[in-house]
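File shown: start_26.pdb. Contents: PDB, C-alpha atoms.
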```
MODEL        1
ATOM      1  CA  MET T   1     -13.180   8.828  -5.544  1.00  0.00           C
ATOM      2  CA  LYS T   2     -13.225   5.590  -7.546  1.00  0.00           C
ATOM      3  CA  ALA T   3     -14.266   2.263  -6.038  1.00  0.00           C
ATOM      4  CA  LEU T   4     -14.201  -1.366  -7.155  1.00  0.00           C
ATOM      5  CA  ILE T   5     -16.503  -4.024  -5.678  1.00  0.00           C
ATOM      6  CA  ILE T   6     -15.173  -7.579  -6.011  1.00  0.00           C
ATOM      7  CA  ASP T   7     -17.606 -10.373  -5.149  1.00  0.00           C
ATOM      8  CA  ASP T   8     -18.650 -13.481  -7.060  1.00  0.00           C
ATOM      9  CA  HIS T   9     -22.346 -12.944  -6.270  1.00  0.00           C
ATOM     10  CA  LYS T  10     -24.026 -10.198  -8.273  1.00  0.00           C
ATOM     11  CA  ILE T  11     -26.655  -9.559  -5.589  1.00  0.00           C
ATOM     12  CA  ASN T  12     -23.894  -8.789  -3.075  1.00  0.00           C
ATOM     13  CA  ARG T  13     -22.225  -6.386  -5.487  1.00  0.00           C
ATOM     14  CA  LEU T  14     -25.541  -4.653  -6.134  1.00  0.00           C
ATOM     15  CA  TYR T  15     -26.220  -4.294  -2.399  1.00  0.00           C
ATOM     16  CA  LEU T  16     -22.856  -2.652  -1.691  1.00  0.00           C
ATOM     17  CA  LYS T  17     -23.170  -0.428  -4.749  1.00  0.00           C
ATOM     18  CA  THR T  18     -26.612   0.727  -3.614  1.00  0.00           C
ATOM     19  CA  LEU T  19     -25.280   1.591  -0.142  1.00  0.00           C
ATOM     20  CA  LEU T  20     -22.457   3.607  -1.660  1.00  0.00           C
ATOM     21  CA  GLU T  21     -24.748   5.491  -4.016  1.00  0.00           C
ATOM     22  CA  GLU T  22     -27.177   6.300  -1.194  1.00  0.00           C
ATOM     23  CA  HIS T  23     -24.665   7.419   1.428  1.00  0.00           C
ATOM     24  CA  PHE T  24     -21.404   8.486  -0.264  1.00  0.00           C
ATOM     25  CA  SER T  25     -21.764  11.035  -3.041  1.00  0.00           C
ATOM     26  CA  SER T  26     -17.994  11.596  -3.044  1.00  0.00           C
ATOM     27  CA  ILE T  27     -17.529   8.166  -4.654  1.00  0.00           C
ATOM     28  CA  LYS T  28     -18.226   9.066  -8.255  1.00  0.00           C
ATOM     29  CA  LYS T  29     -17.199   5.855 -10.020  1.00  0.00           C
ATOM     30  CA  ILE T  30     -18.195   2.349  -8.871  1.00  0.00           C
ATOM     31  CA  ASP T  31     -17.043  -0.673 -10.884  1.00  0.00           C
ATOM     32  CA  GLU T  32     -17.773  -4.341 -10.286  1.00  0.00           C
ATOM     33  CA  ALA T  33     -15.917  -7.630 -10.777  1.00  0.00           C
ATOM     34  CA  GLY T  34     -16.975 -11.190 -10.023  1.00  0.00           C
ATOM     35  CA  THR T  35     -13.626 -12.951 -10.458  1.00  0.00           C
ATOM     36  CA  VAL T  36      -9.934 -12.451  -9.806  1.00  0.00           C
ATOM     37  CA  SER T  37      -9.208 -12.190 -13.520  1.00  0.00           C
ATOM     38  CA  ALA T  38     -11.938  -9.596 -14.113  1.00  0.00           C
ATOM     39  CA  ALA T  39     -10.747  -7.552 -11.141  1.00  0.00           C
ATOM     40  CA  THR T  40      -7.147  -7.707 -12.344  1.00  0.00           C
ATOM     41  CA  ARG T  41      -8.124  -6.383 -15.772  1.00  0.00           C
ATOM     42  CA  LEU T  42      -9.933  -3.423 -14.210  1.00  0.00           C
ATOM     43  CA  ILE T  43      -7.088  -2.647 -11.799  1.00  0.00           C
ATOM     44  CA  GLU T  44      -4.628  -2.557 -14.702  1.00  0.00           C
ATOM     45  CA  VAL T  45      -6.499   0.323 -16.377  1.00  0.00           C
ATOM     46  CA  THR T  46      -7.949   2.256 -13.404  1.00  0.00           C
ATOM     47  CA  ASN T  47      -6.306   3.696 -10.290  1.00  0.00           C
ATOM     48  CA  TYR T  48      -8.938   2.935  -7.667  1.00  0.00           C
ATOM     49  CA  ASP T  49      -9.029   4.690  -4.316  1.00  0.00           C
ATOM     50  CA  LEU T  50     -11.036   1.963  -2.581  1.00  0.00           C
ATOM     51  CA  ILE T  51     -11.617  -1.759  -3.135  1.00  0.00           C
ATOM     52  CA  PHE T  52     -14.298  -3.883  -1.485  1.00  0.00           C
ATOM     53  CA  LEU T  53     -12.952  -7.408  -1.497  1.00  0.00           C
ATOM     54  CA  ASP T  54     -14.512 -10.818  -0.912  1.00  0.00           C
ATOM     55  CA  MET T  55     -12.037 -13.467   0.190  1.00  0.00           C
ATOM     56  CA  GLU T  56     -13.169 -16.537  -1.755  1.00  0.00           C
ATOM     57  CA  LEU T  57     -13.838 -16.055  -5.462  1.00  0.00           C
ATOM     58  CA  LYS T  58     -14.617 -18.525  -8.234  1.00  0.00           C
ATOM     59  CA  ASP T  59     -11.142 -18.451  -9.748  1.00  0.00           C
ATOM     60  CA  GLY T  60      -9.010 -17.743  -6.693  1.00  0.00           C
ATOM     61  CA  MET T  61      -8.644 -15.824  -3.457  1.00  0.00           C
ATOM     62  CA  GLY T  62      -8.953 -12.170  -2.611  1.00  0.00           C
ATOM     63  CA  PHE T  63      -5.244 -12.235  -1.788  1.00  0.00           C
ATOM     64  CA  ASP T  64      -4.590 -13.034  -5.457  1.00  0.00           C
ATOM     65  CA  VAL T  65      -6.138  -9.680  -6.297  1.00  0.00           C
ATOM     66  CA  LEU T  66      -3.987  -7.852  -3.760  1.00  0.00           C
ATOM     67  CA  LYS T  67      -0.857  -9.296  -5.387  1.00  0.00           C
ATOM     68  CA  GLU T  68      -1.794  -7.512  -8.613  1.00  0.00           C
ATOM     69  CA  VAL T  69      -2.223  -4.099  -7.005  1.00  0.00           C
ATOM     70  CA  LYS T  70       0.879  -2.103  -7.934  1.00  0.00           C
ATOM     71  CA  GLU T  71       0.014   1.116  -6.082  1.00  0.00           C
ATOM     72  CA  PHE T  72      -1.518   1.623  -2.655  1.00  0.00           C
ATOM     73  CA  VAL T  73      -5.300   1.414  -2.467  1.00  0.00           C
ATOM     74  CA  TYR T  74      -7.605   1.299   0.539  1.00  0.00           C
ATOM     75  CA  VAL T  75      -9.171  -2.141   0.957  1.00  0.00           C
ATOM     76  CA  ILE T  76     -12.258  -3.098   2.939  1.00  0.00           C
ATOM     77  CA  VAL T  77     -12.831  -6.842   3.128  1.00  0.00           C
ATOM     78  CA  VAL T  78     -16.473  -7.948   2.959  1.00  0.00           C
ATOM     79  CA  THR T  79     -16.733 -11.715   3.369  1.00  0.00           C
ATOM     80  CA  SER T  80     -18.422 -14.647   5.082  1.00  0.00           C
ATOM     81  CA  HIS T  81     -15.062 -16.124   6.107  1.00  0.00           C
ATOM     82  CA  LYS T  82     -13.644 -14.819   9.377  1.00  0.00           C
ATOM     83  CA  GLU T  83     -10.627 -17.146   9.239  1.00  0.00           C
ATOM     84  CA  TYR T  84      -8.702 -14.879   6.832  1.00  0.00           C
ATOM     85  CA  ALA T  85      -8.816 -11.790   9.078  1.00  0.00           C
ATOM     86  CA  ILE T  86      -5.292 -11.991  10.513  1.00  0.00           C
ATOM     87  CA  GLN T  87      -3.717 -12.500   7.109  1.00  0.00           C
ATOM     88  CA  ALA T  88      -5.819  -9.705   5.631  1.00  0.00           C
ATOM     89  CA  PHE T  89      -4.714  -7.178   8.252  1.00  0.00           C
ATOM     90  CA  LYS T  90      -1.104  -8.060   7.405  1.00  0.00           C
ATOM     91  CA  HIS T  91      -1.967  -6.602   4.006  1.00  0.00           C
ATOM     92  CA  ASN T  92      -3.006  -3.355   5.741  1.00  0.00           C
ATOM     93  CA  VAL T  93      -6.715  -3.584   4.965  1.00  0.00           C
ATOM     94  CA  VAL T  94      -8.779  -0.789   6.505  1.00  0.00           C
ATOM     95  CA  ASP T  95     -11.510  -3.027   7.892  1.00  0.00           C
ATOM     96  CA  TYR T  96     -12.770  -6.595   7.825  1.00  0.00           C
ATOM     97  CA  LEU T  97     -16.569  -6.876   7.649  1.00  0.00           C
ATOM     98  CA  LEU T  98     -18.464 -10.130   7.951  1.00  0.00           C
ATOM     99  CA  LYS T  99     -21.595 -10.941   5.982  1.00  0.00           C
ATOM    100  CA  PRO T 100     -24.437 -10.263   6.456  1.00  0.00           C
ATOM    101  CA  VAL T 101     -23.123  -6.714   6.438  1.00  0.00           C
ATOM    102  CA  ASP T 102     -24.137  -4.447   9.281  1.00  0.00           C
ATOM    103  CA  ILE T 103     -25.039  -1.123   7.615  1.00  0.00           C
ATOM    104  CA  ASN T 104     -23.590   1.022  10.408  1.00  0.00           C
ATOM    105  CA  GLU T 105     -20.300  -0.918  10.392  1.00  0.00           C
ATOM    106  CA  PHE T 106     -20.155  -0.552   6.612  1.00  0.00           C
ATOM    107  CA  LYS T 107     -20.806   3.197   6.740  1.00  0.00           C
ATOM    108  CA  ASN T 108     -18.197   3.691   9.473  1.00  0.00           C
ATOM    109  CA  ALA T 109     -15.569   1.779   7.483  1.00  0.00           C
ATOM    110  CA  VAL T 110     -16.207   3.822   4.347  1.00  0.00           C
ATOM    111  CA  LYS T 111     -16.277   7.095   6.303  1.00  0.00           C
ATOM    112  CA  LYS T 112     -12.832   6.227   7.638  1.00  0.00           C
ATOM    113  CA  VAL T 113     -11.510   5.826   4.089  1.00  0.00           C
ATOM    114  CA  VAL T 114     -13.193   9.029   2.887  1.00  0.00           C
ATOM    115  CA  ARG T 115     -11.594  11.006   5.744  1.00  0.00           C
ATOM    116  CA  LEU T 116      -8.161   9.547   4.988  1.00  0.00           C
ATOM    117  CA  HIS T 117      -8.572  10.302   1.295  1.00  0.00           C
ATOM    118  CA  GLU T 118      -9.610  13.897   1.986  1.00  0.00           C
ATOM    119  CA  LYS T 119      -6.581  14.407   4.243  1.00  0.00           C
ATOM    120  CA  GLU T 120      -4.312  13.059   1.502  1.00  0.00           C
ATOM    121  CA  GLU T 121      -5.762  15.375  -1.115  1.00  0.00           C
ATOM    122  CA  PHE T 122      -5.392  18.351   1.215  1.00  0.00           C
ATOM    123  CA  ALA T 123      -1.810  17.418   2.033  1.00  0.00           C
ATOM    124  CA  LYS T 124      -1.006  17.080  -1.651  1.00  0.00           C
ATOM    125  CA  SER T 125      -2.375  20.552  -2.337  1.00  0.00           C
ATOM    126  CA  LEU T 126      -0.140  21.975   0.406  1.00  0.00           C
ATOM    127  CA  SER T 127       2.975  20.168  -0.694  1.00  0.00           C
ATOM    128  CA  ALA T 128       2.480  21.352  -4.278  1.00  0.00           C
ATOM    129  CA  ASN T 129       4.678  18.602  -5.620  1.00  0.00           C
ATOM    130  CA  THR T 130       7.721  19.817  -3.678  1.00  0.00           C
ATOM    131  CA  ASP T 131       7.885  17.174  -0.988  1.00  0.00           C
ATOM    132  CA  VAL T 132      10.906  15.365  -2.369  1.00  0.00           C
ATOM    133  CA  VAL T 133      13.549  17.694  -3.758  1.00  0.00           C
ATOM    134  CA  LYS T 134      16.070  15.797  -5.814  1.00  0.00           C
ATOM    135  CA  THR T 135      19.578  17.081  -6.063  1.00  0.00           C
ATOM    136  CA  LYS T 136      20.796  18.152  -9.488  1.00  0.00           C
ATOM    137  CA  ASP T 137      23.022  15.100  -9.655  1.00  0.00           C
ATOM    138  CA  GLU T 138      21.048  11.884  -9.126  1.00  0.00           C
ATOM    139  CA  ASN T 139      24.218  10.282  -7.779  1.00  0.00           C
ATOM    140  CA  GLU T 140      24.533  12.753  -4.893  1.00  0.00           C
ATOM    141  CA  ASP T 141      24.062  11.347  -1.419  1.00  0.00           C
ATOM    142  CA  ALA T 142      21.119  13.294   0.024  1.00  0.00           C
ATOM    143  CA  LEU T 143      17.402  13.905  -0.390  1.00  0.00           C
ATOM    144  CA  MET T 144      15.538  16.997   0.720  1.00  0.00           C
ATOM    145  CA  ILE T 145      12.091  16.293   2.137  1.00  0.00           C
ATOM    146  CA  ASN T 146       9.313  18.619   3.265  1.00  0.00           C
ATOM    147  CA  TYR T 147       8.766  17.727   6.922  1.00  0.00           C
ATOM    148  CA  LYS T 148       6.681  19.823   9.346  1.00  0.00           C
ATOM    149  CA  ASN T 149       6.928  22.963   7.190  1.00  0.00           C
ATOM    150  CA  GLN T 150      10.676  22.794   6.738  1.00  0.00           C
ATOM    151  CA  TYR T 151      13.023  21.123   4.311  1.00  0.00           C
ATOM    152  CA  ILE T 152      15.314  18.532   5.848  1.00  0.00           C
ATOM    153  CA  ALA T 153      18.321  16.938   4.177  1.00  0.00           C
ATOM    154  CA  ILE T 154      18.542  13.196   4.747  1.00  0.00           C
ATOM    155  CA  ALA T 155      21.645  11.270   3.759  1.00  0.00           C
ATOM    156  CA  LYS T 156      20.636   8.272   1.670  1.00  0.00           C
ATOM    157  CA  LYS T 157      23.122   6.096   3.533  1.00  0.00           C
ATOM    158  CA  ASP T 158      21.252   6.852   6.776  1.00  0.00           C
ATOM    159  CA  ILE T 159      17.929   5.621   5.414  1.00  0.00           C
ATOM    160  CA  VAL T 160      17.325   2.047   6.568  1.00  0.00           C
ATOM    161  CA  PHE T 161      13.983   1.536   4.856  1.00  0.00           C
ATOM    162  CA  ILE T 162      10.919   3.411   3.608  1.00  0.00           C
ATOM    163  CA  LYS T 163       7.441   2.110   4.341  1.00  0.00           C
ATOM    164  CA  ALA T 164       4.203   2.864   2.508  1.00  0.00           C
ATOM    165  CA  LEU T 165       1.713   4.513   4.840  1.00  0.00           C
ATOM    166  CA  GLY T 166      -1.470   4.881   2.864  1.00  0.00           C
ATOM    167  CA  LYS T 167      -0.507   7.209   0.076  1.00  0.00           C
ATOM    168  CA  TYR T 168       2.190   8.714   2.301  1.00  0.00           C
ATOM    169  CA  SER T 169       5.541   7.197   3.219  1.00  0.00           C
ATOM    170  CA  GLU T 170       7.501   6.680   6.437  1.00  0.00           C
ATOM    171  CA  ILE T 171      11.246   7.197   6.106  1.00  0.00           C
ATOM    172  CA  HIS T 172      13.073   5.180   8.768  1.00  0.00           C
ATOM    173  CA  VAL T 173      16.618   6.366   9.382  1.00  0.00           C
ATOM    174  CA  ALA T 174      19.444   5.311  11.644  1.00  0.00           C
ATOM    175  CA  THR T 175      19.453   8.580  13.612  1.00  0.00           C
ATOM    176  CA  LYS T 176      15.697   8.971  14.228  1.00  0.00           C
ATOM    177  CA  SER T 177      12.648   6.720  14.401  1.00  0.00           C
ATOM    178  CA  HIS T 178      11.083   8.035  11.182  1.00  0.00           C
ATOM    179  CA  TYR T 179       9.926  10.993   9.110  1.00  0.00           C
ATOM    180  CA  THR T 180       6.529  11.110   7.402  1.00  0.00           C
ATOM    181  CA  SER T 181       6.400  12.259   3.786  1.00  0.00           C
ATOM    182  CA  TYR T 182       3.456  13.139   1.555  1.00  0.00           C
ATOM    183  CA  LYS T 183       5.031  11.293  -1.374  1.00  0.00           C
ATOM    184  CA  ASN T 184       4.227   7.668  -2.139  1.00  0.00           C
ATOM    185  CA  LEU T 185       6.696   4.812  -2.210  1.00  0.00           C
ATOM    186  CA  LYS T 186       6.954   4.695  -6.006  1.00  0.00           C
ATOM    187  CA  GLU T 187       8.156   8.295  -6.090  1.00  0.00           C
ATOM    188  CA  PHE T 188      10.857   7.531  -3.546  1.00  0.00           C
ATOM    189  CA  GLU T 189      11.871   4.435  -5.469  1.00  0.00           C
ATOM    190  CA  SER T 190      12.511   6.531  -8.564  1.00  0.00           C
ATOM    191  CA  ALA T 191      14.579   9.014  -6.540  1.00  0.00           C
ATOM    192  CA  MET T 192      16.810   6.474  -4.825  1.00  0.00           C
ATOM    193  CA  THR T 193      20.071   4.942  -5.957  1.00  0.00           C
ATOM    194  CA  ASN T 194      20.482   1.297  -6.887  1.00  0.00           C
ATOM    195  CA  THR T 195      21.459   0.464  -3.295  1.00  0.00           C
ATOM    196  CA  PHE T 196      17.729   0.451  -2.485  1.00  0.00           C
ATOM    197  CA  ILE T 197      15.498  -2.455  -3.413  1.00  0.00           C
ATOM    198  CA  ARG T 198      11.713  -2.867  -3.377  1.00  0.00           C
ATOM    199  CA  VAL T 199      11.191  -6.092  -1.404  1.00  0.00           C
ATOM    200  CA  HIS T 200       7.432  -5.745  -0.955  1.00  0.00           C
ATOM    201  CA  HIS T 201       4.690  -3.479  -2.272  1.00  0.00           C
ATOM    202  CA  SER T 202       4.878  -1.628   1.065  1.00  0.00           C
ATOM    203  CA  TYR T 203       8.663  -1.538   1.624  1.00  0.00           C
ATOM    204  CA  LEU T 204      11.754  -0.056   0.000  1.00  0.00           C
ATOM    205  CA  VAL T 205      14.909  -1.247   1.766  1.00  0.00           C
ATOM    206  CA  ASN T 206      18.508  -0.051   1.826  1.00  0.00           C
ATOM    207  CA  PHE T 207      20.306  -3.162   0.617  1.00  0.00           C
ATOM    208  CA  LYS T 208      23.420  -2.296   2.623  1.00  0.00           C
ATOM    209  CA  CYS T 209      21.372  -2.456   5.836  1.00  0.00           C
ATOM    210  CA  ILE T 210      20.285  -6.073   5.290  1.00  0.00           C
ATOM    211  CA  VAL T 211      21.935  -8.413   7.805  1.00  0.00           C
ATOM    212  CA  SER T 212      20.200 -11.677   6.894  1.00  0.00           C
ATOM    213  CA  TYR T 213      17.213 -13.312   5.237  1.00  0.00           C
ATOM    214  CA  SER T 214      14.945 -15.824   6.983  1.00  0.00           C
ATOM    215  CA  ARG T 215      13.696 -18.575   4.668  1.00  0.00           C
ATOM    216  CA  GLU T 216      11.254 -19.668   7.365  1.00  0.00           C
ATOM    217  CA  THR T 217       9.406 -16.353   7.600  1.00  0.00           C
ATOM    218  CA  SER T 218      10.466 -14.795   4.268  1.00  0.00           C
ATOM    219  CA  HIS T 219      11.691 -11.651   6.035  1.00  0.00           C
ATOM    220  CA  VAL T 220      14.923  -9.685   5.799  1.00  0.00           C
ATOM    221  CA  ILE T 221      16.487  -8.667   9.109  1.00  0.00           C
ATOM    222  CA  LEU T 222      17.985  -5.182   9.070  1.00  0.00           C
ATOM    223  CA  ASN T 223      20.861  -3.767  11.073  1.00  0.00           C
ATOM    224  CA  ASN T 224      18.448  -1.772  13.249  1.00  0.00           C
ATOM    225  CA  GLY T 225      16.678  -4.996  14.260  1.00  0.00           C
ATOM    226  CA  ASP T 226      13.570  -4.549  12.141  1.00  0.00           C
ATOM    227  CA  HIS T 227      12.132  -7.518  10.238  1.00  0.00           C
ATOM    228  CA  ILE T 228      10.744  -6.603   6.806  1.00  0.00           C
ATOM    229  CA  PRO T 229       8.550  -8.987   4.757  1.00  0.00           C
ATOM    230  CA  VAL T 230       9.681 -10.062   1.297  1.00  0.00           C
ATOM    231  CA  SER T 231       6.932 -10.827  -1.206  1.00  0.00           C
ATOM    232  CA  VAL T 232       7.131 -13.911  -3.407  1.00  0.00           C
ATOM    233  CA  ARG T 233       7.311 -11.736  -6.522  1.00  0.00           C
ATOM    234  CA  LYS T 234      10.273  -9.735  -5.154  1.00  0.00           C
ATOM    235  CA  ARG T 235      12.249 -12.660  -3.709  1.00  0.00           C
ATOM    236  CA  GLU T 236      14.092 -13.510  -6.927  1.00  0.00           C
ATOM    237  CA  GLU T 237      15.122  -9.895  -7.430  1.00  0.00           C
ATOM    238  CA  LEU T 238      16.454  -9.806  -3.872  1.00  0.00           C
ATOM    239  CA  PHE T 239      18.443 -13.009  -4.320  1.00  0.00           C
ATOM    240  CA  LYS T 240      20.122 -11.568  -7.407  1.00  0.00           C
ATOM    241  CA  LYS T 241      21.594  -8.917  -5.144  1.00  0.00           C
ATOM    242  CA  PHE T 242      23.054 -11.540  -2.836  1.00  0.00           C
ATOM    243  CA  ARG T 243      26.066 -13.660  -3.670  1.00  0.00           C
ATOM    244  CA  LEU T 244      24.843 -17.059  -2.513  1.00  0.00           C
ATOM    245  CA  PHE T 245      27.368 -19.755  -1.572  1.00  0.00           C
TER     246      PHE T 245
ENDMDL
END
```
Would you mind writing the structure in this file as structure tokens?
Amino acid sequence: MKALIIDDHKINRLYLKTLLEEHFSSIKKIDEAGTVSAATRLIEVTNYDLIFLDMELKDGMGFDVLKEVKEFVYVIVVTSHKEYAIQAFKHNVVDYLLKPVDINEFKNAVKKVVRLHEKEEFAKSLSANTDVVKTKDENEDALMINYKNQYIAIAKKDIVFIKALGKYSEIHVATKSHYTSYKNLKEFESAMTNTFIRVHHSYLVNFKCIVSYSRETSHVILNNGDHIPVSVRKREELFKKFRLF
């Protein structure tokens, strides 16, 4: 596993790094960053499995770092500021630890990530890259997915949205609550037709299922009643799909 520690105080970075080296031999690579810009540069060249994130940095906020993460990564917040907890959990962080760090809480949070990572690697080895079976013609209307040891055909028109679930994905369809797939959201995005749009780093939405967009909450409302968040970076792309009057 590869980890990145983001904190603007070197002594804090050293402390977390020491804990990781002492207790988690499975984390082979540990990088450090003291600013948003330094963290962004590292994230651009390395696919980290785990990020330890302080909330207030010298050149911005921890949320600014999360905006630059293109693929899913586990995040554990380590900060002195409890007031950002609700917003952080909306970004699907694994845990939110307050300084001074309790060693047992820290170890439990990291153990949780290690277990999830191990399950993902095992699942990947079982799926053997056959989880999403594309039809010969990319314009055909169905996907085959590996679900509970059988292949199931899902009509693309029946898919309302797909949600990132760790490094897995949840496929929400009109006829069932959802299917869980071992493939990540980016792989589904490449397999889908242009009627699907990435509105958030965690959501791929069937454009034809969008009923409305709320400017107040920056969510799209879908025809199954679900409300899906739209990120600032994806809003313009979404609006291009709409004909605004």
So what do you get for atom CA of T:Ser202 versus atom CA of T:Leu222, distance-wise?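 Value for the atom CA of T:Ser202-atom CA of T:Leu222 distance: 15.8 Å.
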Smallest atom-to-atom distance to T:Lys67: which of T:Ala39, T:Ala85, T:Ile210, T:Val113, using all atoms listed in the file?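 The shortest atom-to-atom distance to T:Lys67 comes from T:Ala39.
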Would you list the contacts of T:Lys90 as a list in words, taking every protein, DNA or RNA residue within 12 Å and counting only C-alpha atoms, but skipping same-chain residues closer than 5 positions in sequence?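 Answer for this query is Phe63, Leu66, Val75, Tyr84, Ala85, Asp95, Tyr96, Ser202, Ile228 and Pro229 of chain T.
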Mind listing as a PyMOL selection string all residues within 9 Å of (19.3, 6.2, 12.8), counting all atoms listed in the file? chain T and resi 158-160+172-178+224
Convert the current residue selection to file output with C-alpha atoms, as a short mmCIF file (atom, residue, chain, number, x, y, z; two decimals), keeping the file's coordinate frame.
```
data_model
loop_
_atom_site.label_atom_id
_atom_site.label_comp_id
_atom_site.auth_asym_id
_atom_site.auth_seq_id
_atom_site.Cartn_x
_atom_site.Cartn_y
_atom_site.Cartn_z
CA ASP T 158 21.25 6.85 6.78
CA ILE T 159 17.93 5.62 5.41
CA VAL T 160 17.32 2.05 6.57
CA HIS T 172 13.07 5.18 8.77
CA VAL T 173 16.62 6.37 9.38
CA ALA T 174 19.44 5.31 11.64
CA THR T 175 19.45 8.58 13.61
CA LYS T 176 15.70 8.97 14.23
CA SER T 177 12.65 6.72 14.40
CA HIS T 178 11.08 8.04 11.18
CA ASN T 224 18.45 -1.77 13.25
#
```
Contacts of T:Asn12 at 12 Å (all atoms listed in the file; same-chain gap of 6+ positions) as JSON, numbers by chain: {"T": [5, 6, 18, 19, 32, 33, 34, 52, 53, 54, 78, 79, 80, 99, 100, 101]}
Atomic separation - atom CA of T:Ala191 relative to atom CA of T:Asp141, Å: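 Interatomic distance here is 11.0 Å.
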Shell around T:Glu71 at 9 Å using only C-alpha atoms, local window under 5 positions removed, as a PDB file with C-alpha atoms, keeping the file's coordinate frame:
```pdb
ATOM      1  CA  ASN T  47      -6.306   3.696 -10.290  1.00  0.00           C
ATOM      2  CA  LYS T 167      -0.507   7.209   0.076  1.00  0.00           C
ATOM      3  CA  ASN T 184       4.227   7.668  -2.139  1.00  0.00           C
ATOM      4  CA  LEU T 185       6.696   4.812  -2.210  1.00  0.00           C
ATOM      5  CA  LYS T 186       6.954   4.695  -6.006  1.00  0.00           C
ATOM      6  CA  HIS T 201       4.690  -3.479  -2.272  1.00  0.00           C
TER       7      HIS T 201
END
```
Which residues are near stretch 232-243 of chain T? Cut-off 10 Å, only C-alpha atoms, ignore same chain within fewer than 3 positions. Put them as a list in words.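 Near neighbours after the sequence-gap exclusion: Lys67, Thr195, Ile197, Arg198, Val199, His200, His201, Phe207, Tyr213, Ser218, His219, Val220 and Pro229 of chain T.
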With only C-alpha atoms as the counted atoms, please give the residues lying no more than 12 Å from T:Arg115, apart from itself and same-chain residues fewer than 5 positions off, as a VMD selection string. chain T and resid 1 24 26 74 108 to 110 120 to 122
Six-sided padding of 5 Å per side, axis-aligned box over stretch 155-168 of chain T, centre and edges in Å, one decimal, as AutoDock Vina command-line options:
```
--center_x 10.8 --center_y 6.4 --center_z 3.4 --size_x 34.6 --size_y 19.7 --size_z 16.7
```
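With distances taken over only C-alpha atoms, T:Thr46 is the one residue among T:Ser37, T:Ser181, T:Ser212, T:Thr46 lying closest to T:Ala3.
With distances taken over all atoms listed in the file, T:Leu4 is the one residue among T:Met55, T:Leu4, T:Leu116, T:Val45 lying closest to T:Lys29.
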Which residues fall under the PyMOL selection byres ((chain T and resi 188) around 10) in this file, as a PyMOL selection string? chain T and resi 132+143+162+169+171+181+183-187+189-193+196+204
